[in-house]
Amino acid sequence: MGLRLLITFSIIALAEYYSIVVVRSAVKFLPASWRIGLLSLYIFMTALSWLGFIFFRQINWATVPHLLRNIYIAFVLGFTIGKVLVLLVMLTDDMRRAIMWLIHLILPASNTVPETPANGITRSTFMLQLAMLLAGTSLAGFLYGISNRYSYQVRRIKLKFDSLPAAFKGIRIVQVSDIHTGSFDDHEAVAKGIKKVMQENADMIFFTGDLVNNHAFEVDDQYKQIFAELKAPMGVYSILGNHDYGDYVQWPTKEAKKQNLDDLKKIHGDLGWNLLLNQHVVLQRGEDKIAIIGVENWSAKMSFTKYGNMKKAYDGLPFQNVPFKILLSHDPSHWDAEVRPFYPDVQLTLSGHTHGMQFGVDNKFLKWSPVQYIYKKWAGLYKEEGQYLYVNRGFGFLGYPGRLGILPEITVIELV
């Protein structure tokens, strides 16, 4: 733990050192008054961002005006990641210069490449300007991403299953995940997103967890009216996500935490949603049947409590008469860790949780997000040995009040 802390502190110190070097280089040709003013502003912004990190849990963000809160959080993230990019660029340049220095010691000067090209800038100047550009782009990008927090994207896929009973061929499913009501600041924008869901005329709607950030009261009366609009002929089915249990806040008593969860479960019922708590339901059309299985949060990551119980969810399920099963499981790490090895009869698993980290590149040419270094299955469709997993990118947002490259998602799945 001590070594890890030392490494972390060293990285932070290097990032701050290189950042001040870049800023000083950027303003060195300005008049003295401008240099002093801009350097002071930079130091103030650095202090402001560190205060946000240090006192993040102590600040009651609900009392901060939404616009100010959103801009501040986006600024801190963009500012911090910008410094990380500066560190990477400048450290790379220093390593290059160290290597060149060693080469100069070994090789005659006549055999080395000059640092300054005959008709251009030095490599170090180029790297310095690159660092400035990346830092500025990071800050501008995260501020811009605030405007995308309600830019709901409908993604449509068709999945073919030989085991799907004939009576269920062609059914349309809409999946919504990770609403995180406590992060919202615009009832009307959320209502437009729910209207988009209903315009798909789905046969079934699945919600795969994290209705709130922590507290049941986040779903106020107005949001209850909005979410109650979710209706489908074959039902709306929901599960709990890791945030729904209230594990990330301090409660005065165990009873208060339990009451919060009971209140949230009741909200699911009040909305007309069928909350599956390690349970299943069998849907029937004529003689044909399929099963919807819902487990509580189960993660292969050690930091999350395992509430899910697949064995309990399967209790009483007639295997022979139900050839097709859909599993709702919030955390996609569940699929590789337990579902695929032990439940090969689950043809389709629907998850969420990752949000695609709300940051990355997501198009037909490139799909990347930092979250992929934590979750191998983090967004979109995955297939292994005839079993499918779909990871929804999330309807809401958490922490960062925006979306940069990874837009909020409404998934439409047609089974054929």
# chains A, B, ... in the order shown; residues from 1 in each chain; ligands from 1

call {"tool": "residues_around", "arguments": {"residues": "stretch 239-247 of chain A", "least_positions_apart": "2", "cutoff": "9 Å", "atoms": "only C-alpha atoms", "output": "number ranges by chain"}}
result
A: 178, 180, 206-216, 237, 249-251, 257-258, 260-261, 264-265, 274-278, 294-299, 304-305, 307, 328-331, 352-353

call {"tool": "write_last_selection", "arguments": {"atoms": "N, CA and C atoms", "output": "compact mmCIF listing (two decimals), in the first residue's frame"}}
result
# COMPACT_ATOMS: atom_id res chain seq x y z
N ASP A 178 -29.43 1.70 -16.29
CA ASP A 178 -28.67 2.74 -15.59
C ASP A 178 -29.29 4.13 -15.77
N HIS A 180 -30.17 6.21 -13.21
CA HIS A 180 -29.50 7.11 -12.25
C HIS A 180 -30.26 8.42 -12.08
N PHE A 206 -37.26 -4.15 -20.89
CA PHE A 206 -36.41 -4.62 -19.80
C PHE A 206 -35.59 -3.44 -19.26
N PHE A 207 -35.61 -3.30 -17.92
CA PHE A 207 -34.74 -2.33 -17.28
C PHE A 207 -33.70 -3.10 -16.46
N THR A 208 -32.41 -2.86 -16.76
CA THR A 208 -31.37 -3.71 -16.17
C THR A 208 -30.56 -3.00 -15.07
N GLY A 209 -31.24 -2.28 -14.19
CA GLY A 209 -30.63 -1.86 -12.94
C GLY A 209 -30.11 -0.45 -12.85
N ASP A 210 -29.93 0.01 -11.59
CA ASP A 210 -29.51 1.36 -11.21
C ASP A 210 -30.56 2.40 -11.59
N LEU A 211 -31.69 2.31 -10.92
CA LEU A 211 -32.73 3.33 -11.08
C LEU A 211 -32.31 4.62 -10.39
N VAL A 212 -31.56 4.50 -9.30
CA VAL A 212 -31.13 5.68 -8.53
C VAL A 212 -29.61 5.65 -8.33
N ASN A 213 -29.10 6.75 -7.81
CA ASN A 213 -27.69 6.79 -7.41
C ASN A 213 -27.50 6.13 -6.05
N ASN A 214 -28.40 6.49 -5.12
CA ASN A 214 -28.32 5.94 -3.77
C ASN A 214 -29.66 5.88 -3.06
N HIS A 215 -30.49 6.93 -3.24
CA HIS A 215 -31.69 7.09 -2.42
C HIS A 215 -32.97 6.90 -3.24
N ALA A 216 -33.94 6.26 -2.61
CA ALA A 216 -35.23 6.04 -3.27
C ALA A 216 -35.93 7.37 -3.56
N TYR A 237 -40.12 -5.54 -17.26
CA TYR A 237 -39.41 -6.33 -16.26
C TYR A 237 -38.14 -5.60 -15.85
N VAL A 249 -23.39 5.24 0.53
CA VAL A 249 -23.63 6.36 1.43
C VAL A 249 -23.71 5.84 2.87
N GLN A 250 -23.50 6.74 3.80
CA GLN A 250 -23.59 6.38 5.22
C GLN A 250 -25.04 6.49 5.68
N TRP A 251 -25.53 5.45 6.34
CA TRP A 251 -26.89 5.43 6.85
C TRP A 251 -26.85 5.51 8.38
N LYS A 257 -31.23 1.91 6.01
CA LYS A 257 -30.77 1.41 4.71
C LYS A 257 -31.76 0.41 4.14
N LYS A 258 -32.25 -0.48 4.99
CA LYS A 258 -33.23 -1.49 4.54
C LYS A 258 -34.51 -0.81 4.09
N ASN A 260 -34.85 2.16 2.85
CA ASN A 260 -34.59 2.79 1.55
C ASN A 260 -34.74 1.78 0.42
N LEU A 261 -34.18 0.58 0.61
CA LEU A 261 -34.29 -0.46 -0.42
C LEU A 261 -35.73 -0.92 -0.58
N LEU A 264 -37.55 1.59 -2.57
CA LEU A 264 -37.20 1.53 -3.99
C LEU A 264 -37.91 0.35 -4.67
N LYS A 265 -37.97 -0.77 -3.99
CA LYS A 265 -38.68 -1.92 -4.55
C LYS A 265 -40.16 -1.58 -4.77
N ASN A 274 -42.33 -5.20 -13.28
CA ASN A 274 -42.21 -6.48 -12.60
C ASN A 274 -40.75 -6.65 -12.15
N LEU A 275 -40.49 -6.36 -10.87
CA LEU A 275 -39.14 -6.44 -10.33
C LEU A 275 -38.79 -7.90 -10.02
N LEU A 276 -37.75 -8.39 -10.66
CA LEU A 276 -37.32 -9.78 -10.48
C LEU A 276 -36.13 -9.81 -9.52
N LEU A 277 -36.35 -10.36 -8.34
CA LEU A 277 -35.33 -10.45 -7.31
C LEU A 277 -34.90 -11.90 -7.18
N ASN A 278 -33.93 -12.30 -8.00
CA ASN A 278 -33.53 -13.71 -8.08
C ASN A 278 -34.76 -14.58 -8.35
N GLY A 294 -34.40 -12.89 -13.77
CA GLY A 294 -33.80 -11.66 -13.26
C GLY A 294 -33.03 -11.92 -11.97
N VAL A 295 -31.74 -11.56 -11.95
CA VAL A 295 -30.94 -11.73 -10.73
C VAL A 295 -30.58 -10.37 -10.16
N GLU A 296 -30.41 -10.36 -8.85
CA GLU A 296 -29.91 -9.15 -8.22
C GLU A 296 -28.44 -8.97 -8.60
N ASN A 297 -27.86 -7.85 -8.20
CA ASN A 297 -26.52 -7.53 -8.68
C ASN A 297 -25.51 -8.61 -8.29
N TRP A 298 -24.77 -9.08 -9.30
CA TRP A 298 -23.70 -10.08 -9.10
C TRP A 298 -22.54 -9.66 -9.98
N SER A 299 -21.38 -9.46 -9.35
CA SER A 299 -20.22 -8.99 -10.08
C SER A 299 -19.02 -9.88 -9.79
N PHE A 304 -17.60 -5.24 -5.39
CA PHE A 304 -19.06 -5.23 -5.38
C PHE A 304 -19.60 -6.43 -4.62
N THR A 305 -20.61 -6.18 -3.78
CA THR A 305 -21.26 -7.26 -3.04
C THR A 305 -22.08 -8.11 -4.00
N TYR A 307 -25.16 -9.95 -4.52
CA TYR A 307 -26.53 -10.17 -4.05
C TYR A 307 -27.25 -11.22 -4.92
N LEU A 328 -31.59 -11.21 -17.17
CA LEU A 328 -31.33 -9.80 -16.85
C LEU A 328 -30.34 -9.79 -15.69
N SER A 329 -29.13 -9.30 -15.94
CA SER A 329 -28.09 -9.26 -14.92
C SER A 329 -27.31 -7.96 -15.09
N HIS A 330 -27.31 -7.13 -14.09
CA HIS A 330 -26.81 -5.76 -14.21
C HIS A 330 -25.35 -5.69 -14.65
N ASP A 331 -24.49 -6.46 -14.03
CA ASP A 331 -23.04 -6.36 -14.24
C ASP A 331 -22.58 -7.37 -15.29
N GLY A 352 -25.84 -3.89 -18.13
CA GLY A 352 -25.53 -2.46 -18.28
C GLY A 352 -24.29 -2.14 -17.48
N HIS A 353 -24.42 -1.25 -16.50
CA HIS A 353 -23.43 -0.99 -15.47
C HIS A 353 -22.24 -0.12 -15.90

call {"tool": "select_by_dssp", "arguments": {"residues": "stretch 74-248 of chain A", "states": "strand (DSSP E or B)", "output": "ChimeraX atom specification"}}
result
/A:153-159,172-176,204-208,236-239

call {"tool": "atom_distance", "arguments": {"atom1": "atom CA of A:Ile59", "atom2": "atom CA of A:Gly399"}}
result
13.1 Å

call {"tool": "closest_residue", "arguments": {"among": "A:Asn60, A:Ser351, A:Gln222, A:Ser163", "to": "A:Ala191", "atoms": "only C-alpha atoms"}}
result
A:Gln222

call {"tool": "select_by_dssp", "arguments": {"residues": "stretch 178-365 of chain A", "states": "alpha helix (DSSP H)", "output": "PyMOL selection string"}}
result
chain A and resi 187-198+221-227+254-270+310-314+333-334+340-342

call {"tool": "residues_around", "arguments": {"residues": "stretch 411-416 of chain A", "least_positions_apart": "5", "cutoff": "7 Å", "atoms": "only C-alpha atoms", "output": "mmCIF file with C-alpha atoms, in the first residue's frame"}}
result
data_model
loop_
_atom_site.group_PDB
_atom_site.id
_atom_site.type_symbol
_atom_site.label_atom_id
_atom_site.label_comp_id
_atom_site.auth_asym_id
_atom_site.auth_seq_id
_atom_site.Cartn_x
_atom_site.Cartn_y
_atom_site.Cartn_z
ATOM 1 C CA VAL A 154 -31.478 4.220 -30.448
ATOM 2 C CA ARG A 155 -29.445 1.139 -31.374
ATOM 3 C CA ARG A 156 -31.189 -1.681 -33.207
ATOM 4 C CA ILE A 157 -30.039 -5.276 -33.609
ATOM 5 C CA LYS A 158 -31.576 -8.517 -34.846
ATOM 6 C CA LEU A 159 -30.650 -11.803 -33.218
ATOM 7 C CA LYS A 160 -31.413 -15.207 -34.678
ATOM 8 C CA PHE A 161 -31.880 -18.207 -32.371
ATOM 9 C CA LYS A 169 -40.312 -15.170 -33.566
ATOM 10 C CA GLY A 170 -40.253 -11.465 -34.383
ATOM 11 C CA ILE A 171 -40.844 -10.133 -30.870
ATOM 12 C CA ARG A 172 -39.299 -6.738 -30.177
ATOM 13 C CA ILE A 173 -37.524 -5.986 -26.930
ATOM 14 C CA VAL A 174 -36.410 -2.583 -25.686
ATOM 15 C CA GLN A 175 -33.655 -2.494 -23.088
ATOM 16 C CA VAL A 176 -33.023 0.526 -20.877
ATOM 17 C CA ASN A 392 -26.308 -1.317 -22.782
#
